[in-house]
$ cat final10.cif   # mmCIF, C-alpha atoms
data_my_file
loop_
_atom_site.label_atom_id
_atom_site.label_comp_id
_atom_site.auth_asym_id
_atom_site.auth_seq_id
_atom_site.Cartn_x
_atom_site.Cartn_y
_atom_site.Cartn_z
CA MET X 257 99.80 63.76 93.40
CA THR X 258 101.21 66.34 95.80
CA HIS X 259 98.84 68.93 97.22
CA PHE X 260 99.95 72.39 98.35
CA ASP X 261 98.18 75.19 100.12
CA VAL X 262 99.55 77.54 97.46
CA ILE X 263 101.46 77.16 94.21
CA VAL X 264 103.34 80.28 93.13
CA VAL X 265 104.35 80.43 89.46
CA GLY X 266 107.36 82.65 88.77
CA ALA X 267 110.46 83.22 90.92
CA GLY X 268 110.79 86.95 90.34
CA PRO X 269 110.40 89.57 93.09
CA ALA X 270 106.61 89.15 93.36
CA GLY X 271 106.62 85.36 93.43
CA ASN X 272 109.57 85.14 95.78
CA ALA X 273 108.11 87.66 98.23
CA CYS X 274 104.79 85.83 98.20
CA ALA X 275 106.31 82.37 98.64
CA PHE X 276 108.57 83.53 101.47
CA ALA X 277 105.75 85.20 103.42
CA LEU X 278 103.51 82.14 103.05
CA ALA X 279 106.19 79.61 103.95
CA HIS X 280 107.38 81.76 106.85
CA ALA X 281 103.82 81.65 108.21
CA GLY X 282 103.72 77.84 107.95
CA ALA X 283 101.87 77.32 104.68
CA LYS X 284 102.82 74.48 102.35
CA VAL X 285 104.07 76.28 99.23
CA ALA X 286 105.53 75.31 95.87
CA LEU X 287 107.54 77.98 94.02
CA VAL X 288 107.80 77.07 90.34
CA GLU X 289 110.24 78.74 87.91
CA LYS X 290 110.66 77.69 84.29
CA GLN X 291 114.35 78.63 84.01
CA ALA X 292 117.34 77.34 85.90
CA LEU X 293 118.32 79.63 88.78
CA PRO X 294 120.19 81.89 88.78
CA ARG X 295 118.85 83.11 85.44
CA HIS X 296 119.22 86.29 83.43
CA LYS X 297 116.32 88.69 83.71
CA THR X 298 116.08 91.67 81.41
CA CYS X 299 115.73 94.66 83.73
CA GLY X 300 117.58 97.88 84.47
CA GLY X 301 117.79 96.81 88.08
CA GLY X 302 117.40 100.18 89.80
CA MET X 303 115.76 100.11 93.24
CA PRO X 304 115.07 103.46 95.00
CA MET X 305 115.79 103.11 98.68
CA VAL X 306 115.51 104.93 101.98
CA VAL X 307 117.79 102.54 103.82
CA SER X 308 116.08 102.25 107.21
CA LYS X 309 112.69 101.72 105.55
CA VAL X 310 113.80 99.11 103.03
CA LEU X 311 115.56 97.12 105.74
CA ALA X 312 112.25 97.00 107.60
CA LEU X 313 110.29 95.73 104.59
CA GLU X 314 108.70 92.34 105.11
CA GLU X 315 109.53 91.57 101.49
CA LEU X 316 113.28 91.81 102.16
CA ARG X 317 113.41 90.41 105.67
CA ASP X 318 116.66 88.60 106.55
CA LEU X 319 118.28 89.54 103.24
CA ALA X 320 121.45 91.63 103.60
CA PRO X 321 121.90 94.33 100.92
CA ASP X 322 125.49 93.20 100.40
CA ALA X 323 124.04 90.04 98.88
CA PHE X 324 122.60 91.83 95.88
CA VAL X 325 123.54 95.56 95.70
CA GLU X 326 126.33 96.11 93.15
CA ALA X 327 126.38 99.92 93.23
CA ASP X 328 124.75 102.58 95.36
CA THR X 329 124.10 105.65 93.21
CA THR X 330 123.45 109.06 94.73
CA SER X 331 123.45 111.34 91.64
CA ILE X 332 121.82 111.38 88.21
CA ARG X 333 123.28 112.91 85.06
CA HIS X 334 120.40 114.00 82.82
CA THR X 335 120.82 114.89 79.13
CA TRP X 336 118.64 116.03 76.24
CA ASN X 337 119.73 114.53 72.90
CA PHE X 338 123.03 113.63 74.60
CA ALA X 339 123.72 117.33 75.26
CA ASP X 340 122.62 120.04 77.72
CA PRO X 341 123.74 117.90 80.70
CA CYS X 342 122.47 118.36 84.22
CA LEU X 343 124.27 116.49 87.02
CA ALA X 344 122.10 116.53 90.15
CA SER X 345 122.21 114.94 93.57
CA MET X 346 119.33 112.76 94.68
CA ASN X 347 119.40 114.60 98.01
CA LEU X 348 119.21 118.30 98.80
CA PRO X 349 122.28 120.07 100.28
CA ASP X 350 120.42 121.14 103.43
CA GLN X 351 118.31 118.01 103.65
CA GLN X 352 117.24 116.92 107.10
CA GLY X 353 116.71 113.29 108.03
CA GLU X 354 117.29 110.21 105.92
CA THR X 355 118.80 110.20 102.47
CA VAL X 356 117.61 108.30 99.44
CA SER X 357 119.71 106.48 96.86
CA LEU X 358 119.22 104.17 93.90
CA TRP X 359 120.48 100.66 94.56
CA MET X 360 121.72 98.87 91.46
CA VAL X 361 121.07 95.15 91.43
CA ARG X 362 121.71 92.41 88.92
CA ARG X 363 118.41 90.59 88.67
CA SER X 364 120.02 87.17 88.30
CA VAL X 365 121.69 87.65 91.70
CA PHE X 366 118.79 89.48 93.36
CA ASP X 367 116.06 87.06 92.27
CA HIS X 368 118.18 84.05 93.17
CA ALA X 369 118.83 85.44 96.66
CA LEU X 370 115.10 85.97 97.15
CA ALA X 371 114.30 82.46 95.89
CA ARG X 372 116.88 80.86 98.20
CA ARG X 373 115.42 82.77 101.13
CA ALA X 374 111.92 81.50 100.28
CA ALA X 375 113.28 77.94 100.11
CA THR X 376 115.05 78.36 103.45
CA ALA X 377 111.73 79.47 104.95
CA GLY X 378 110.17 76.20 103.77
CA ALA X 379 108.92 76.76 100.24
CA GLU X 380 109.50 73.87 97.83
CA LEU X 381 111.55 75.57 95.08
CA ARG X 382 111.22 73.92 91.66
CA ASP X 383 113.26 75.63 88.93
CA ARG X 384 113.67 74.33 85.35
CA LEU X 385 109.98 73.51 85.45
CA ALA X 386 107.82 75.00 82.69
CA VAL X 387 104.09 75.10 83.41
CA ARG X 388 102.20 73.59 80.46
CA SER X 389 98.60 73.61 81.64
CA ILE X 390 96.46 74.84 84.51
CA SER X 391 92.91 73.77 85.20
CA ALA X 392 90.22 74.24 87.80
CA GLU X 393 89.42 70.99 89.60
CA PRO X 394 86.37 69.91 91.60
CA LYS X 395 86.18 70.92 95.26
CA GLY X 396 87.76 74.29 94.51
CA LEU X 397 91.26 73.04 93.71
CA VAL X 398 93.64 74.17 90.97
CA ARG X 399 95.74 71.61 89.08
CA VAL X 400 99.12 72.56 87.61
CA SER X 401 100.95 70.39 85.08
CA ALA X 402 104.56 71.17 84.21
CA GLU X 403 107.55 69.67 82.45
CA GLY X 404 111.23 69.75 83.25
CA PRO X 405 114.49 67.92 82.44
CA GLU X 406 113.53 65.14 84.83
CA GLY X 407 110.05 64.65 83.37
CA GLY X 408 106.55 65.76 84.20
CA TRP X 409 105.30 67.30 87.43
CA GLU X 410 101.72 67.66 88.59
CA ALA X 411 100.28 69.11 91.73
CA THR X 412 97.11 70.65 93.09
CA ALA X 413 96.64 73.64 95.33
CA ASP X 414 93.92 75.54 97.13
CA THR X 415 95.25 78.80 95.68
CA LEU X 416 97.44 79.67 92.70
CA VAL X 417 99.46 82.90 92.44
CA GLY X 418 100.53 83.96 88.97
CA ALA X 419 103.74 85.95 89.24
CA ASP X 420 105.00 84.82 85.85
CA GLY X 421 105.40 88.13 84.06
CA ALA X 422 103.74 90.09 81.28
CA ASN X 423 103.01 87.07 79.08
CA GLY X 424 102.50 84.50 81.80
CA ILE X 425 100.45 81.36 81.38
CA VAL X 426 98.41 81.89 84.55
CA ALA X 427 96.58 85.00 83.32
CA ARG X 428 96.03 83.43 79.88
CA SER X 429 94.65 80.22 81.33
CA PHE X 430 91.91 82.02 83.24
CA GLY X 431 91.16 84.92 80.89
CA LEU X 432 92.55 87.57 83.20
CA ARG X 433 94.04 90.89 82.00
CA GLN X 434 93.11 90.43 78.36
CA HIS X 435 93.49 94.13 77.52
CA ARG X 436 97.00 94.95 78.64
CA ALA X 437 98.94 98.12 77.87
CA LEU X 438 102.34 96.81 76.79
CA ALA X 439 105.34 99.06 76.29
CA ILE X 440 108.80 97.82 75.31
CA ALA X 441 112.39 98.17 76.50
CA ILE X 442 115.70 96.92 75.12
CA GLU X 443 118.97 96.72 76.99
CA ALA X 444 122.52 95.42 76.82
CA GLU X 445 125.11 94.66 79.49
CA VAL X 446 128.46 96.20 78.57
CA PRO X 447 131.67 95.16 80.42
CA HIS X 448 133.40 98.21 81.84
CA ILE X 449 136.58 99.11 83.69
CA TRP X 450 135.93 102.01 86.05
CA GLY X 451 138.05 105.05 85.33
CA ALA X 452 137.69 104.75 81.56
CA GLY X 453 135.36 106.83 79.42
CA HIS X 454 133.49 109.99 80.38
CA PRO X 455 134.52 111.69 83.66
CA ASP X 456 130.96 111.29 84.98
CA LEU X 457 130.95 107.57 84.28
CA ARG X 458 131.27 106.54 87.91
CA GLN X 459 129.61 103.99 90.17
CA GLU X 460 127.81 106.64 92.20
CA ILE X 461 126.19 108.22 89.11
CA CYS X 462 123.41 106.88 86.93
CA HIS X 463 122.52 108.48 83.59
CA LEU X 464 119.18 109.30 81.95
CA GLU X 465 118.63 110.60 78.40
CA TYR X 466 115.25 111.97 77.28
CA GLY X 467 115.51 113.29 73.72
CA ALA X 468 116.82 110.23 71.89
CA VAL X 469 113.67 108.13 72.38
CA ARG X 470 110.19 109.25 71.48
CA GLN X 471 107.79 108.80 74.39
CA GLY X 472 110.43 107.21 76.55
CA TYR X 473 114.00 107.54 77.73
CA ALA X 474 117.37 105.80 77.74
CA TRP X 475 119.53 104.95 80.72
CA VAL X 476 122.98 103.88 81.82
CA PHE X 477 123.08 102.15 85.20
CA PRO X 478 126.45 101.26 86.80
CA LYS X 479 126.86 97.72 88.09
CA GLY X 480 129.79 95.88 89.62
CA ASP X 481 131.86 95.18 86.51
CA HIS X 482 129.60 96.41 83.73
CA LEU X 483 127.10 99.00 82.56
CA ASN X 484 123.43 98.24 82.07
CA VAL X 485 122.54 100.38 79.04
CA GLY X 486 118.96 100.45 77.84
CA ALA X 487 116.14 102.40 76.26
CA GLY X 488 112.40 102.07 76.52
CA VAL X 489 109.13 103.40 75.17
CA PHE X 490 107.02 104.01 78.26
CA ARG X 491 103.87 105.28 76.59
CA PRO X 492 102.29 102.32 74.78
CA ARG X 493 101.86 103.02 71.08
CA LYS X 494 99.30 101.55 68.75
CA PRO X 495 99.11 97.75 69.10
CA GLY X 496 100.73 97.19 65.71
CA ASP X 497 103.72 99.36 66.61
CA ARG X 498 104.90 97.23 69.50
CA GLY X 499 106.47 94.67 67.21
CA ASP X 500 107.56 97.22 64.62
CA ALA X 501 111.23 96.87 63.72
CA ASN X 502 111.41 100.68 63.64
CA VAL X 503 110.83 100.79 67.39
CA ARG X 504 113.60 98.27 68.03
CA ASP X 505 115.95 100.17 65.69
CA GLU X 506 115.18 103.44 67.46
CA LEU X 507 115.95 101.96 70.86
CA GLN X 508 119.15 100.30 69.66
CA ARG X 509 120.32 103.58 68.11
CA ALA X 510 119.72 105.32 71.42
CA ILE X 511 121.84 102.72 73.24
CA LEU X 512 124.68 103.04 70.72
CA GLY X 513 124.48 106.84 70.88
CA TYR X 514 124.68 106.77 74.65
CA LEU X 515 127.77 104.57 74.64
CA GLU X 516 129.42 106.83 72.06
CA MET X 517 128.71 109.95 74.10
CA LEU X 518 130.09 108.36 77.28
CA GLY X 519 133.31 107.25 75.63
CA VAL X 520 132.43 103.56 75.51
CA PRO X 521 131.84 103.16 71.76
CA LYS X 522 130.52 99.83 70.50
CA ARG X 523 129.41 98.45 67.17
CA ILE X 524 125.94 96.97 67.06
CA GLU X 525 127.32 93.48 66.43
CA GLU X 526 129.35 93.71 69.67
CA LEU X 527 126.23 94.01 71.83
CA ASP X 528 123.82 91.33 72.95
CA PHE X 529 120.45 93.08 73.06
CA HIS X 530 117.59 91.81 75.19
CA ALA X 531 114.05 93.05 74.65
CA HIS X 532 111.17 92.68 77.06
CA PRO X 533 107.55 93.83 77.28
CA LEU X 534 106.52 96.25 79.99
CA PRO X 535 102.96 95.73 81.27
CA MET X 536 102.23 99.34 82.19
CA TRP X 537 99.57 100.33 84.68
CA ASN X 538 96.43 101.17 82.74
CA GLY X 539 93.93 101.41 85.56
CA LEU X 540 92.97 98.80 88.12
CA ASP X 541 92.07 95.52 86.44
CA THR X 542 90.51 92.39 87.95
CA LEU X 543 93.42 90.42 89.36
CA GLN X 544 91.63 87.32 90.60
CA THR X 545 89.24 84.71 89.28
CA ARG X 546 85.58 84.66 90.32
CA ASP X 547 86.18 81.79 92.69
CA ASN X 548 89.15 83.69 94.22
CA ARG X 549 91.44 80.68 93.73
CA VAL X 550 93.81 82.43 91.33
CA LEU X 551 95.58 85.75 92.00
CA LEU X 552 97.99 87.78 89.85
CA ALA X 553 100.97 89.71 91.22
CA GLY X 554 103.90 91.78 89.94
CA ASP X 555 104.26 92.25 86.20
CA ALA X 556 101.48 89.72 85.63
CA ALA X 557 99.20 92.19 87.41
CA GLY X 558 100.40 95.16 85.32
CA LEU X 559 102.08 96.95 88.21
CA ILE X 560 104.67 98.92 86.23
CA ASN X 561 104.72 102.61 87.18
CA PRO X 562 103.39 104.41 84.08
CA PHE X 563 105.67 107.41 84.56
CA PHE X 564 109.05 105.91 85.42
CA GLY X 565 108.59 102.38 84.08
CA ASP X 566 109.92 100.78 87.27
CA GLY X 567 108.44 97.67 88.80
CA ILE X 568 110.69 95.87 91.31
CA LEU X 569 109.38 97.45 94.51
CA HIS X 570 105.78 97.24 93.31
CA ALA X 571 106.25 93.56 92.55
CA LEU X 572 107.63 92.93 96.04
CA LYS X 573 104.71 94.75 97.63
CA SER X 574 102.12 92.93 95.53
CA GLY X 575 103.63 89.56 96.44
CA GLN X 576 103.33 90.45 100.11
CA ILE X 577 99.73 91.63 99.62
CA ALA X 578 98.86 88.37 97.87
CA ALA X 579 100.38 86.36 100.72
CA ASN X 580 98.54 88.42 103.35
CA SER X 581 95.24 87.95 101.53
CA ILE X 582 95.74 84.18 101.43
CA LEU X 583 96.85 83.91 105.06
CA ARG X 584 93.79 85.89 106.16
CA GLN X 585 91.61 83.79 103.83
CA ASP X 586 90.51 87.06 102.29
CA GLN X 587 91.31 86.41 98.63
CA LYS X 588 87.95 87.89 97.62
CA ASN X 589 89.30 91.34 98.51
CA TYR X 590 92.69 90.91 96.85
CA THR X 591 92.06 93.21 93.86
CA ARG X 592 90.68 95.80 96.26
CA ALA X 593 93.83 95.54 98.41
CA ILE X 594 96.05 96.05 95.36
CA GLY X 595 93.93 99.04 94.40
CA LYS X 596 94.27 100.54 97.86
CA GLU X 597 98.06 100.31 97.58
CA PHE X 598 98.53 101.52 94.00
CA LYS X 599 95.44 102.95 92.28
CA VAL X 600 95.30 106.62 93.32
CA ASN X 601 99.05 107.14 92.96
CA PHE X 602 99.41 105.23 89.67
CA ASP X 603 96.36 106.88 88.12
CA ALA X 604 97.92 110.27 88.86
CA ALA X 605 101.27 109.05 87.49
CA GLN X 606 99.55 107.90 84.28
CA LYS X 607 98.03 111.34 83.70
CA LEU X 608 101.33 113.09 84.33
CA ALA X 609 103.13 110.64 82.05
CA GLY X 610 100.76 111.50 79.21
CA PHE X 611 101.74 115.15 79.55
CA PHE X 612 105.47 114.54 80.09
CA TYR X 613 105.97 112.23 77.11
CA GLN X 614 103.97 114.52 74.81
CA TRP X 615 106.18 117.55 75.57
CA PRO X 616 109.45 116.06 76.83
CA GLY X 617 111.65 118.94 75.67
CA THR X 618 109.68 121.52 77.58
CA CYS X 619 109.48 119.24 80.62
CA TYR X 620 113.24 118.72 80.49
CA LYS X 621 113.97 122.46 80.30
CA TYR X 622 111.50 123.60 82.94
CA GLY X 623 111.11 120.49 85.03
CA ILE X 624 114.02 118.06 85.08
CA LYS X 625 116.66 120.79 85.18
CA ARG X 626 115.10 122.46 88.21
CA PRO X 627 117.47 122.23 91.22
CA SER X 628 115.07 120.15 93.32
CA ALA X 629 113.62 117.98 90.50
CA THR X 630 115.94 114.99 90.91
CA HIS X 631 115.30 114.87 94.64
CA MET X 632 111.55 114.97 94.06
CA ALA X 633 111.80 112.22 91.44
CA MET X 634 113.60 110.02 93.95
CA ARG X 635 110.96 110.70 96.58
CA LEU X 636 108.31 109.63 94.07
CA LEU X 637 110.24 106.51 93.10
CA SER X 638 110.77 105.46 96.71
CA GLY X 639 107.18 106.19 97.76
CA GLU X 640 108.24 109.03 100.06
CA ALA X 641 106.02 111.29 97.92
CA LEU X 642 102.94 110.43 95.86
CA PHE X 643 102.03 111.55 92.35
CA ASN X 644 98.55 112.54 93.47
CA ASP X 645 100.11 114.96 95.97
CA ILE X 646 102.31 116.76 93.42
CA SER X 647 100.42 116.37 90.12
CA ALA X 648 98.35 119.59 90.35
CA ARG X 649 101.48 121.66 91.01
CA ALA X 650 103.41 119.89 88.25
CA PHE X 651 100.63 120.40 85.69
CA ARG X 652 100.39 124.08 86.58
CA ARG X 653 104.14 124.59 86.21
CA PHE X 654 104.33 122.75 82.87
CA ARG X 655 101.34 124.59 81.44
CA GLN X 656 102.97 127.89 82.38
CA ALA X 657 106.14 126.70 80.64
CA LEU X 658 104.24 125.73 77.50
CA SER X 659 102.55 129.14 77.48
CA ALA X 660 105.91 130.87 77.83
CA GLU X 661 107.36 128.81 74.99
CA ALA X 662 104.39 129.63 72.77
CA THR X 663 104.78 133.34 73.53
CA LYS X 664 108.46 133.23 72.57
CA GLY X 665 107.64 131.54 69.28
CA SER X 666 104.95 134.04 68.26
#
$ encode --input "final10.cif" --output "structure tokens"
Amino acid sequence: MTHFDVIVVGAGPAGNACAFALAHAGAKVALVEKQALPRHKTCGGGMPMVVSKVLALEELRDLAPDAFVEADTTSIRHTWNFADPCLASMNLPDQQGETVSLWMVRRSVFDHALARRAATAGAELRDRLAVRSISAEPKGLVRVSAEGPEGGWEATADTLVGADGANGIVARSFGLRQHRALAIAIEAEVPHIWGAGHPDLRQEICHLEYGAVRQGYAWVFPKGDHLNVGAGVFRPRKPGDRGDANVRDELQRAILGYLEMLGVPKRIEELDFHAHPLPMWNGLDTLQTRDNRVLLAGDAAGLINPFFGDGILHALKSGQIAANSILRQDQKNYTRAIGKEFKVNFDAAQKLAGFFYQWPGTCYKYGIKRPSATHMAMRLLSGEALFNDISARAFRRFRQALSAEATKGS
């Protein structure tokens, strides 16, 4: 039986970043993915970027943007119930210094590029290998048993990293993150010829709609030859509602309405919808076993921003943090390290999200349509600004708006 220093389960951004960093440092690593690569991954694929900073990220070292960026958007067209549009630049007219944009990636291409890079660094990449069981072995080892087209595979490792998503087997096997806050998103990829449809349907513009989805929003993201059109509920509802057909119907109606408004009408039977759970941040949870042999990263660790619903950059960072903890033999402080990176900011984002999604109309009118709001949102997405730095000001402004609205209605 083969023994590895680390087995990483899941070849998404978190797993790939972790495997690359470990292999690059000389560790013996297996990177296990249940699907054949490249594989479809349900995700909007928007990555907020300040170019010089992202190119310096350890998580994306030696990976040229041209390998995975299909569109570089610099403006957002906001709408409320598909009307009252607001087209805003992500950067201010008199802005000094670096600009920010939203890179649009296709996850099948992006994840595959990351996985290949990890393999080039020395990781043993095993795709089409579904993990069936995981067990703790004597002498502090972890045993992984998997099956693939060529038969069974078994290996042991000193450390196991679960980067296998919201419903991954690693967390289940060790009783980690049993009380998750799951939201839901649905999307479809729609072939598109640029120049057709709405005048603002261009590769440098992404679209966000706030009124068509309760406690969430819809989006249209431009890609190379298609549109990624989706809708999500980003405030988890009651547990029984997550599988409610009414939620799915609401999200599908929002997608169809968006396409109609943008001049790309489709019938529901013409679209291939993909749904996926969103493990939203719900406070810092324990992300490692008591013996520190098993760590969770990315979506498996619940690192979805509770305000925006984005997760790619957070997954990359968590994979790097997991690798650093292992290389320093400091796995016992892994959860603490994740908390240091995310907790204060995400806790503030969660509080602001509760307010925003309760009064989205007022927030749209007095917040999103403000001249500098889109720029601030991009700074928050890219980590150039933190929610804990702006939350007090945002709450004050929205409360004043609610008071003004109440006065008008009396």
$ closest_residue --input "final10.cif" --among "X:Leu343, X:Ala275, X:Val476, X:Val446" --to "Leu527 in chain X" --atoms "only C-alpha atoms"
X:Val446
$ closest_residue --input "final10.cif" --among "X:Gly486, X:Pro521, X:Gly424, X:Pro304" --to "Val361 in chain X" --atoms "all atoms listed in the file"
X:Pro304
$ closest_residue --input "final10.cif" --among "X:Arg491, X:Arg433, X:Arg546, X:Arg470" --to "Ala510 in chain X" --atoms "only C-alpha atoms"
X:Arg470
$ closest_residue --input "final10.cif" --among "X:Gly595, X:Pro533, X:Gly519, X:Gly300" --to "Gly453 in chain X" --atoms "all atoms listed in the file"
X:Gly519
$ resolve_selection --input "final10.cif" --expression "the PyMOL selection byres ((chain X and resi 603-615) around 10)" --output "short mmCIF file (atom, residue, chain, number, x, y, z; two decimals) with C-alpha atoms, in the coordinates of the input"
data_model
loop_
_atom_site.label_atom_id
_atom_site.label_comp_id
_atom_site.auth_asym_id
_atom_site.auth_seq_id
_atom_site.Cartn_x
_atom_site.Cartn_y
_atom_site.Cartn_z
CA TYR X 466 115.25 111.97 77.28
CA VAL X 469 113.67 108.13 72.38
CA ARG X 470 110.19 109.25 71.48
CA GLN X 471 107.79 108.80 74.39
CA GLY X 472 110.43 107.21 76.55
CA TYR X 473 114.00 107.54 77.73
CA VAL X 489 109.13 103.40 75.17
CA PHE X 490 107.02 104.01 78.26
CA ARG X 491 103.87 105.28 76.59
CA MET X 536 102.23 99.34 82.19
CA TRP X 537 99.57 100.33 84.68
CA ASN X 538 96.43 101.17 82.74
CA GLY X 539 93.93 101.41 85.56
CA LEU X 540 92.97 98.80 88.12
CA ASN X 561 104.72 102.61 87.18
CA PRO X 562 103.39 104.41 84.08
CA PHE X 563 105.67 107.41 84.56
CA PHE X 564 109.05 105.91 85.42
CA PHE X 598 98.53 101.52 94.00
CA LYS X 599 95.44 102.95 92.28
CA VAL X 600 95.30 106.62 93.32
CA ASN X 601 99.05 107.14 92.96
CA PHE X 602 99.41 105.23 89.67
CA PRO X 616 109.45 116.06 76.83
CA GLY X 617 111.65 118.94 75.67
CA THR X 618 109.68 121.52 77.58
CA CYS X 619 109.48 119.24 80.62
CA TYR X 620 113.24 118.72 80.49
CA GLY X 623 111.11 120.49 85.03
CA LEU X 636 108.31 109.63 94.07
CA LEU X 642 102.94 110.43 95.86
CA PHE X 643 102.03 111.55 92.35
CA ASN X 644 98.55 112.54 93.47
CA ASP X 645 100.11 114.96 95.97
CA ILE X 646 102.31 116.76 93.42
CA SER X 647 100.42 116.37 90.12
CA ALA X 648 98.35 119.59 90.35
CA ALA X 650 103.41 119.89 88.25
CA PHE X 651 100.63 120.40 85.69
CA PHE X 654 104.33 122.75 82.87
CA ARG X 655 101.34 124.59 81.44
CA LEU X 658 104.24 125.73 77.50
#
$ resolve_selection --input "final10.cif" --expression "the PyMOL selection byres ((chain X and resi 460) around 9)" --output "list in words"
Ala327, Asp328, Thr329, Thr330, Ser331, Ile332, Leu457, Arg458, Gln459, Ile461, Cys462 and Pro478 of chain X
$ write_last_selection --input "final10.cif" --atoms "C-alpha atoms" --output "PDB file, in the frame of the given file"
ATOM      1  CA  ALA X 327     126.380  99.920  93.230  1.00  0.00           C
ATOM      2  CA  ASP X 328     124.750 102.580  95.360  1.00  0.00           C
ATOM      3  CA  THR X 329     124.100 105.650  93.210  1.00  0.00           C
ATOM      4  CA  THR X 330     123.450 109.060  94.730  1.00  0.00           C
ATOM      5  CA  SER X 331     123.450 111.340  91.640  1.00  0.00           C
ATOM      6  CA  ILE X 332     121.820 111.380  88.210  1.00  0.00           C
ATOM      7  CA  LEU X 457     130.950 107.570  84.280  1.00  0.00           C
ATOM      8  CA  ARG X 458     131.270 106.540  87.910  1.00  0.00           C
ATOM      9  CA  GLN X 459     129.610 103.990  90.170  1.00  0.00           C
ATOM     10  CA  ILE X 461     126.190 108.220  89.110  1.00  0.00           C
ATOM     11  CA  CYS X 462     123.410 106.880  86.930  1.00  0.00           C
ATOM     12  CA  PRO X 478     126.450 101.260  86.800  1.00  0.00           C
TER      13      PRO X 478
END
$ residues_around --input "final10.cif" --residues "Glu465 in chain X" --least-positions-apart "5" --cutoff "8 Å" --atoms "all atoms listed in the file" --output "list of chain:residue names"
X:His334, X:Thr335, X:Trp336, X:Asn337, X:Phe338, X:Tyr473, X:Ala474, X:Trp475
$ closest_residue --input "final10.cif" --among "X:Arg399, X:Arg509, X:His259, X:His532" --to "Thr298 in chain X" --atoms "all atoms listed in the file"
X:His532
$ residues_around --input "final10.cif" --residues "Ala444 in chain X" --least-positions-apart "3" --cutoff "9 Å" --atoms "only C-alpha atoms" --output "count of residues only"
10
$ atom_distance --input "final10.cif" --atom1 "CA of Val398 in chain X" --atom2 "CA of Asp414 in chain X"
6.3 Å
$ resolve_selection --input "final10.cif" --expression "the PyMOL selection byres ((chain X and resi 437) around 6)" --output "PDB file with C-alpha atoms, in the frame of the given file"
ATOM      1  CA  ARG X 436      97.000  94.950  78.640  1.00  0.00           C
ATOM      2  CA  LEU X 438     102.340  96.810  76.790  1.00  0.00           C
ATOM      3  CA  PRO X 535     102.960  95.730  81.270  1.00  0.00           C
ATOM      4  CA  MET X 536     102.230  99.340  82.190  1.00  0.00           C
TER       5      MET X 536
END
$ residues_around --input "final10.cif" --residues "range 568-572 of chain X" --least-positions-apart "3" --cutoff "7 Å" --atoms "all atoms listed in the file" --output "MDAnalysis selection string"
chainID X and resid 269:270 273 303 315 553:555 559 575:576
$ residues_around --input "final10.cif" --residues "His454 in chain X" --least-positions-apart "3" --cutoff "12 Å" --atoms "only C-alpha atoms" --output "number ranges by chain"
X: 333, 448-451, 457-458, 461, 463, 514-521
$ residues_around --input "final10.cif" --residues "Val400 in chain X" --least-positions-apart "6" --cutoff "12 Å" --atoms "only C-alpha atoms" --output "ChimeraX atom specification"
/X:257-260,262-265,286-288,385-393,408-418,425-426,429,550
$ atom_distance --input "final10.cif" --atom1 "CA of Ile560 in chain X" --atom2 "CA of Leu534 in chain X"
7.0 Å
$ axis_aligned_box --input "final10.cif" --around "range 351-358 of chain X" --padding-each-side "4 Å" --output "JSON"
{"center_x": 118.2, "center_y": 111.1, "center_z": 101.0, "size_x": 11.0, "size_y": 21.8, "size_z": 22.1}
$ closest_residue --input "final10.cif" --among "X:Ala629, X:Val306, X:Ile442, X:Ala344" --to "Asp456 in chain X" --atoms "all atoms listed in the file"
X:Ala344
$ atom_distance --input "final10.cif" --atom1 "CA of Phe324 in chain X" --atom2 "CA of Phe366 in chain X"
5.1 Å
$ build_atoms --input "final10.cif" --residues "range 280-288 of chain X" --atoms "N, CA and C atoms" --output "compact mmCIF listing (two decimals), keeping the file's coordinate frame"
# COMPACT_ATOMS: atom_id res chain seq x y z
N HIS X 280 106.98 81.26 105.53
CA HIS X 280 107.38 81.76 106.85
C HIS X 280 106.23 81.64 107.85
N ALA X 281 105.00 81.75 107.34
CA ALA X 281 103.82 81.65 108.21
C ALA X 281 103.35 80.21 108.38
N GLY X 282 104.04 79.25 107.76
CA GLY X 282 103.72 77.84 107.95
C GLY X 282 102.91 77.19 106.86
N ALA X 283 102.63 77.91 105.77
CA ALA X 283 101.87 77.32 104.68
C ALA X 283 102.75 76.37 103.86
N LYS X 284 102.11 75.39 103.24
CA LYS X 284 102.82 74.48 102.35
C LYS X 284 102.79 75.10 100.95
N VAL X 285 103.98 75.47 100.44
CA VAL X 285 104.07 76.28 99.23
C VAL X 285 105.02 75.64 98.23
N ALA X 286 104.63 75.65 96.97
CA ALA X 286 105.53 75.31 95.87
C ALA X 286 105.83 76.58 95.09
N LEU X 287 107.10 76.84 94.82
CA LEU X 287 107.54 77.98 94.02
C LEU X 287 108.13 77.44 92.73
N VAL X 288 107.45 77.69 91.63
CA VAL X 288 107.80 77.07 90.34
C VAL X 288 108.39 78.12 89.41
